[in-house]
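Worksheet: the structure to be examined is printed underneath.
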Amino acid sequence: MAKLLVVDDEANIRLLYAQELSDEGYAVVTAASALEAVEKLESDNFDLAVIDIKLKNESGIELLQRIVKERHTLPVILCTAFSCYKDDFSAWLADGYVVKSSDLQELKDEISRVLAKRQKGAFT
Amino acid sequence: MDWECCWSKEEIEPENCPYVGEGEEDLYSSHRRRVVEKCVECPRFKNDLARMKGSGYPLSDVLPFIMNEFQEQKAQMGAMLSFLNSKTREIKFLREVGIVLQTSIDLDEVLSIAMTAITAGKGFGMNRAFLLMTDKERRHIRGYLGVGPRDYEEAWRTWEDIGRSNFTLRELARDFQKTKLTSEKVKFHDILNQLTVPLADQGHIFNRALQGKKPILVENALNNPDLDRGLARILGVDCFLVMPLISRNRRIGVIIADNCITQKPITLQDMQSLETFAFPVAFALERASLYERLQEEVAKQKSANLKLREQQELIVKMEKMALVGKITSSIAHSIRNPLMVIGGFARTLLKGSAEDDEKRSYLESIVRETRQLEDVLSEVLDYSESLFPVTDFWDLNELVTKALSDLEGVMEQAGVVCRQELSPELPMVRIDYKQISYCLKTITATALACMEQGGELHIESLNDGDGVLLRISDSGKPLTETAQEALTAPFFQTQEMGEGVGLALCKSILERQGNSLNIFSRPGGGNTYSIRLLTKKENI
C-alpha cells in the first residue's frame with residue numbers, strides 16, 4: 001500500500017483528502033504546516049507527497065524546494081488555485097501539478113500516474 | 001582801375017560773374033560771401049592781383065600768402081567735413097544694424113541682416129560675402145551661407161533692383177530672408193561645400209584670424225606664400241577679407257568678404273568698419289543659435305514630459321488594476337477552499353448513497369453547482385494573478401537553468417554557445433518566479449539578437465551583499481548609447497533593437513520589486529546585462 005503525505009492548512013480539506021484517498025486504497029498521513037510536514041518526513045517513509053502551494057504564513061514552494069533538495073527520490077504533486085503556474089512548476093520542481101477542485105478525480109489520476117512512473121523507474 | 005573780377009562791387013548783375021551757379025543767386029547781393037566763396041578761386045581775381053602787383057599796391061605782395069593759406073585751410077576743412085559725414089553715416093548704419101541685431105533671436109533673420117549689411121550699398125557695399133560657422137560638435141568651420149551675385153550680369157540686375165527700392169536695412173534683410181535665403185544657400189552650395197576646415201588646423205587662415213581675434217586682409221592671394229592657393233581658386237578672387245566672429249572668447253565662425261565683380265580694392269578703412277560690425281554680429285549669432293538650441297531642448301523636454309505623464313497615468317492604471325486583482329484574488333481564495341470542501345464531501349456522500357436514494361438528486365445539484373462556481377473562480381484567479389506579482393523565495397540557479405533549457409533550441413540555431421558559471425552558495429531570492437523568468441528570457445533574446453554571427457553567451461550568478469547578482473554577457477556588437485537608453489524609455493525606438501518595450505518592461509518589473517537592471521557595453525566588445533535581486537523582503 002502506497003503511503004501518502006498530504007500537506008494543507010485547512011482541516012476540512014485534509015479530512016476530505018484523507019477520506020477520498022483512503023477510499024482509493026492509499027495510507028494517508030496529513031500535515032497542517034510545512035514544519036509538521038518536515039517532521040513527518042523525517043520520522044517516516046513516504047511514497048509521495050501532495051502539497052498545497054499556498055500554506056498560511058509560509059510558502060508551499062519553500063517546503064517543496066527543501067524536499068527537492070533533501071529528498072530527491074520523493075515524488076511531489078502540487079495542488080494550487082492557479083492554473084497559470086503549471087508550465088513553470090511541473091517542468092522542473094514537481095512531478096505532478098493539480099489545480100484544486102472539489103472533484104478529486106484529477107488528483108487521483110495524477111497520483112497513480114506519478115506512482116506508476118516511479119515504479120517503472122525503480123525497475124529500470 | 002577797372003577790375004576784371006567783381007570783388008570790388010557791393011552788388012553785381014548776373015552778367016558780371018559767370019561763376020555764380022544756379023541756387024546761389026543770393027551771392028549777387030552778398031558782397032562778403034561772394035568774395036570768400038567765389039572770388040578767392042576766380043581766375044579773373046588772380047589776374048586782378050597780378051595787375052595790382054605791377055601797379056605797386058603795397059598789400060599786393062602779402063595778399064597771395066593769405067590767399068594760399070586760406071585755400072589750404074578751406075580744403076582741409078572740406079576733407080574733415082566729408083570724413084565726419086562718412087563716419088556719421090557709418091555710425092548711423094552700425095546703430096541701425098545694432099538695434100536690428102539686438103532685437104532678433106531668429107537665426108535666419110540675424111544671418112539675413114548680417115549678410116545684407118555687408119553686401120548692401122547702404123552698408124559696407126562689398127560685392128559678396130560668405131558666412132562660415134563652427135559646427136555643433138565644435139570640430140569644423142563649415143560654409144553656411146553665401147550672398148552676392150555670381151557674375152557681372154546678375155550683379156547689374158541686383159544693383160538696379162536695389163537702387164530702385166528705398167528699403168531700410170531691416171526691410172532689405174526681411175526681403176532677403178523671405179525671397180533669397182534658401183536660393184542663395186543653393187546658389188553657393190559648391191563653394192560653401194569646399195570651405196570646410198577643421199578647427200584643429202592651426203595654420204589655416206580662418207583659424208589664424210580666430211586665434212588672433214583680428215581680421216586678415218588677403219591681397220595677391222594667388223602669389224601669397226603664406227596662403228593655401230586652393231582657397232583663392234575656390235573663391236575666384238585674389239583679394240579678400242577674413243573676418244573672425246568671436247563672442248565671449250567663443251569661436252562662432254568666420255565671414256569672408258570680397259569685391260569679386262567690381263575688383264575694387266579693399267581698404268584699411270573697410271576692414272576697420274567691418275571689424276566694428278563683426279562683434280555685434282558674432283554676439284547675435286551666438287545668441288540666436290543658443291536660442292535655437294534652447295527651443296530644441298524645450299521641445300524635447302515637452303515631449304519627454306508628455307511621455308512621462310502618459311506613463312504615470314499608465315502606472316496609476318496598472319496599480320489600480322493590481323489592487324483590483326489583489327482584492328479579487330483574496331476574495332476568490334477565501335471562497336475557494338470552503339467551496340471545495342462542500343463540493344468534495346457532496347461527492348463523497350454521493351458515492352456512498354444508494355442509486356434509488358431520493359436525496360441523491362440534491363447531492364448531484366450541490367456537486368454540479370459547486371463545479372460551476374469553481375470554474376468561475378478559476379478564471380477570476382488566473383486573471384487576477386496576471387495583474388500583480390506573487391513573490392516568494394526561489395533558488396535563482398534553478399530558475400536560470402530552467403529558463404535556459406527553454407532557449408536551448410534557439411541558441412543552437414543562432415550558433416551561440418552558452419557558458420554557465422552559477423555560484424553554488426547562493427541565498428534564496430524573493431521574486432515573482434514568472435516575472436523574473438520572463439525578464440531573463442527577454443534579456444537572453446536581446447543578447448542573442450546582438451550576436452547575429454553566433455558567439456558565446458556567458459551567464460554567471462554570484463553573491464553581492466544583501467542581494468544576488470545575475471550577469472548575462474554576450475559577445476556581440478556593443479549596443480550604442482541610444483540603444484541602452486531604450487532601457488529607461490519605453491517605446492524608444494532604435495535601429496538595433498526595434499521597439500524597446502521588452503527591456504523597458506523588464507527594468508520596470510525588476511525595479512518595482514526593489515531589484516535593478518543595468519546594461520554595459522564592454523570596451524573589448526559585447527554587452528553585459530546585470531540583474532541584482534534582493535534576498536530580503538522589500539515593501540512593494
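By convention here, the chains of the C-alpha cells are called A, B, ... in the order presented, each chain's residues are numbered starting at 1, and ligands are numbered starting at 1 in the order presented.
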
- [ ] Fewer than 2 positions away in the same chain doesn't count, so skip those; otherwise give me all residues within 6 Å of range 79-81 of chain A, counting only C-alpha atoms, as JSON, numbers by chain.
- [x] {"A": [51, 52, 53, 98, 99, 100]}

Open item on the list: I'd like the contact shell of Tyr17 in chain A - 12 Å cut-off, only C-alpha atoms, skipping same-chain residues fewer than 2 positions apart - returned as JSON, numbers by chain.
Closed with: {"A": [4, 5, 6, 7, 8, 10, 11, 12, 13, 14, 15, 19, 20, 21, 22, 23, 24, 26, 27, 28, 29, 30, 31, 50, 51, 52, 79, 100, 101, 102, 103, 104, 105, 107, 108], "B": [340, 341, 344, 345, 348]}

Open item on the list: Please report the interatomic distance between CA of Arg157 in chain B and CA of Ile99 in chain B in Å with one decimal.
Closed with: 29.5 Å

Task: Residue neighbourhood Leu48 in chain A, 12 Å, only C-alpha atoms, exclusion window fewer than 2 positions, as a PyMOL selection string - done: chain A and resi 1-7+26-30+41+44-46+50-51+67+71-78+94-96+110-119

Open item on the list: Just want the 10 Å neighbourhood of Asp228 in chain B, counted on only C-alpha atoms, with same-chain residues fewer than 5 positions away dropped. Output as a ChimeraX atom specification.
Closed with: /B:203-205,221-223,233

Those residues you just picked out, can you put them in a file as a short mmCIF file (atom, residue, chain, number, x, y, z; two decimals), in the first residue's frame with N, CA and C atoms?
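Resulting contents of again32.cif:
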data_model
loop_
_atom_site.label_atom_id
_atom_site.label_comp_id
_atom_site.auth_asym_id
_atom_site.auth_seq_id
_atom_site.Cartn_x
_atom_site.Cartn_y
_atom_site.Cartn_z
N GLY B 203 47.24 76.29 -38.81
CA GLY B 203 47.90 77.15 -39.80
C GLY B 203 46.92 77.79 -40.78
N HIS B 204 45.70 77.28 -40.85
CA HIS B 204 44.75 77.79 -41.83
C HIS B 204 44.37 79.22 -41.51
N ILE B 205 44.18 80.00 -42.56
CA ILE B 205 43.93 81.44 -42.37
C ILE B 205 42.67 81.70 -41.51
N ALA B 221 46.42 86.93 -53.44
CA ALA B 221 46.32 85.61 -52.82
C ALA B 221 46.98 84.50 -53.64
N LEU B 222 46.93 84.64 -54.97
CA LEU B 222 47.47 83.56 -55.79
C LEU B 222 48.98 83.45 -55.70
N ASN B 223 49.62 84.55 -55.29
CA ASN B 223 51.09 84.50 -55.16
C ASN B 223 51.55 84.67 -53.72
N ARG B 233 41.52 80.00 -55.30
CA ARG B 233 40.92 79.39 -56.50
C ARG B 233 39.43 79.10 -56.28
#

How close does each residue of chain B get to chain A, giving the shortest atom pair and distance in Å to one decimal for every residue with an atom at most 8 Å away, counting only C-alpha atoms, sorted by chain and residue number, as CSV?
residue,atom,partner,partner_atom,distance
B:His333,CA,A:Ala81,CA,7.7
B:Asn337,CA,A:Ile13,CA,7.4
B:Leu339,CA,A:Ser102,CA,7.4
B:Met340,CA,A:Ser102,CA,4.3
B:Val341,CA,A:Ile13,CA,5.9
B:Ile342,CA,A:Ser102,CA,7.6
B:Gly343,CA,A:Ser102,CA,4.9
B:Gly344,CA,A:Ser102,CA,4.3
B:Phe345,CA,A:Leu16,CA,6.6
B:Arg347,CA,A:Asp103,CA,7.5
B:Thr348,CA,A:Glu20,CA,7.2
B:Thr370,CA,A:Ser102,CA,7.7
B:Arg371,CA,A:Ser102,CA,7.1
B:Glu374,CA,A:Ser101,CA,7.1
B:Ser378,CA,A:Ala81,CA,7.1
B:Leu381,CA,A:Phe82,CA,6.6
B:Asp382,CA,A:Phe82,CA,6.0
B:Glu385,CA,A:Phe82,CA,7.8
B:Asp392,CA,A:Ser59,CA,7.1
B:Phe393,CA,A:Glu62,CA,6.8
B:Trp394,CA,A:Glu62,CA,7.6
B:Lys402,CA,A:Trp92,CA,7.1
B:Lys434,CA,A:Asp88,CA,7.6

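Between CA of Tyr529 in chain B and CA of Thr444 in chain B lies a distance of 9.2 Å.
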
Compile the contact shell of Asp474 in chain B as a short mmCIF file (atom, residue, chain, number, x, y, z; two decimals) with N, CA and C atoms, in the first residue's frame: residues with an atom at most 12 Å away, counting only C-alpha atoms, same-chain residues fewer than 4 positions apart removed.
data_model
loop_
_atom_site.label_atom_id
_atom_site.label_comp_id
_atom_site.auth_asym_id
_atom_site.auth_seq_id
_atom_site.Cartn_x
_atom_site.Cartn_y
_atom_site.Cartn_z
N MET B 411 19.21 28.97 -29.20
CA MET B 411 20.65 29.30 -29.14
C MET B 411 21.43 28.48 -30.15
N VAL B 416 25.05 30.01 -31.03
CA VAL B 416 25.56 30.60 -29.79
C VAL B 416 25.81 29.50 -28.76
N VAL B 417 27.00 29.54 -28.17
CA VAL B 417 27.34 28.58 -27.12
C VAL B 417 27.07 29.24 -25.77
N CYS B 418 26.44 28.50 -24.87
CA CYS B 418 26.12 29.08 -23.56
C CYS B 418 27.06 28.53 -22.49
N ARG B 419 27.73 29.44 -21.78
CA ARG B 419 28.64 29.01 -20.70
C ARG B 419 28.05 29.49 -19.39
N ILE B 443 15.96 39.23 -21.82
CA ILE B 443 17.34 39.72 -21.91
C ILE B 443 18.18 38.77 -22.76
N THR B 444 17.98 37.46 -22.55
CA THR B 444 18.73 36.49 -23.34
C THR B 444 18.41 36.66 -24.82
N ALA B 445 17.11 36.88 -25.12
CA ALA B 445 16.73 37.07 -26.53
C ALA B 445 17.39 38.31 -27.11
N THR B 446 17.47 39.39 -26.30
CA THR B 446 18.13 40.62 -26.75
C THR B 446 19.61 40.35 -27.00
N ALA B 447 20.24 39.62 -26.08
CA ALA B 447 21.67 39.30 -26.22
C ALA B 447 21.89 38.47 -27.49
N LEU B 448 20.99 37.53 -27.74
CA LEU B 448 21.12 36.70 -28.94
C LEU B 448 21.00 37.54 -30.21
N ALA B 449 20.12 38.55 -30.15
CA ALA B 449 19.92 39.42 -31.32
C ALA B 449 21.18 40.21 -31.65
N CYS B 450 22.02 40.44 -30.61
CA CYS B 450 23.27 41.17 -30.84
C CYS B 450 24.35 40.25 -31.41
N MET B 451 24.08 38.96 -31.41
CA MET B 451 25.12 38.01 -31.90
C MET B 451 24.62 37.34 -33.18
N GLU B 452 24.45 38.15 -34.21
CA GLU B 452 23.90 37.62 -35.47
C GLU B 452 24.80 36.53 -36.06
N GLN B 453 26.12 36.69 -35.85
CA GLN B 453 27.07 35.73 -36.42
C GLN B 453 27.42 34.62 -35.43
N GLY B 454 26.61 34.43 -34.41
CA GLY B 454 26.92 33.44 -33.39
C GLY B 454 27.87 34.02 -32.36
N GLY B 455 28.23 33.23 -31.35
CA GLY B 455 29.13 33.74 -30.33
C GLY B 455 28.94 32.99 -29.03
N GLU B 456 29.32 33.66 -27.93
CA GLU B 456 29.21 32.99 -26.64
C GLU B 456 28.34 33.80 -25.69
N LEU B 457 27.43 33.08 -25.04
CA LEU B 457 26.61 33.72 -24.02
C LEU B 457 27.12 33.24 -22.67
N HIS B 458 27.55 34.17 -21.85
CA HIS B 458 28.12 33.79 -20.56
C HIS B 458 27.16 34.22 -19.46
N ILE B 459 26.73 33.25 -18.65
CA ILE B 459 25.79 33.59 -17.58
C ILE B 459 26.40 33.22 -16.24
N GLU B 460 26.49 34.20 -15.35
CA GLU B 460 27.04 33.87 -14.03
C GLU B 460 26.16 34.43 -12.93
N PRO B 478 28.62 45.85 -29.58
CA PRO B 478 28.19 46.63 -28.43
C PRO B 478 26.97 47.50 -28.78
N LEU B 479 26.04 47.60 -27.87
CA LEU B 479 24.87 48.45 -28.08
C LEU B 479 25.29 49.91 -27.97
N ILE B 519 22.86 47.92 -17.85
CA ILE B 519 23.45 47.38 -19.08
C ILE B 519 24.74 48.13 -19.38
N PHE B 520 25.80 47.37 -19.69
CA PHE B 520 27.08 47.99 -20.01
C PHE B 520 27.60 47.45 -21.33
N SER B 521 28.25 48.33 -22.10
CA SER B 521 28.96 47.84 -23.28
C SER B 521 30.41 47.71 -22.88
N ARG B 522 30.97 46.54 -23.09
CA ARG B 522 32.36 46.33 -22.68
C ARG B 522 33.30 46.90 -23.73
N GLY B 524 36.05 45.95 -24.90
CA GLY B 524 36.57 44.95 -25.85
C GLY B 524 35.51 44.40 -26.79
N GLY B 525 34.26 44.84 -26.65
CA GLY B 525 33.17 44.31 -27.46
C GLY B 525 32.22 43.51 -26.59
N GLY B 526 30.97 43.45 -27.01
CA GLY B 526 29.97 42.71 -26.25
C GLY B 526 29.28 43.57 -25.21
N ASN B 527 28.19 43.03 -24.67
CA ASN B 527 27.40 43.77 -23.68
C ASN B 527 27.16 42.89 -22.46
N THR B 528 27.05 43.55 -21.31
CA THR B 528 26.72 42.80 -20.10
C THR B 528 25.44 43.37 -19.49
N TYR B 529 24.48 42.48 -19.24
CA TYR B 529 23.25 42.88 -18.56
C TYR B 529 23.37 42.38 -17.13
N SER B 530 23.24 43.29 -16.19
CA SER B 530 23.44 42.88 -14.81
C SER B 530 22.13 43.05 -14.03
#
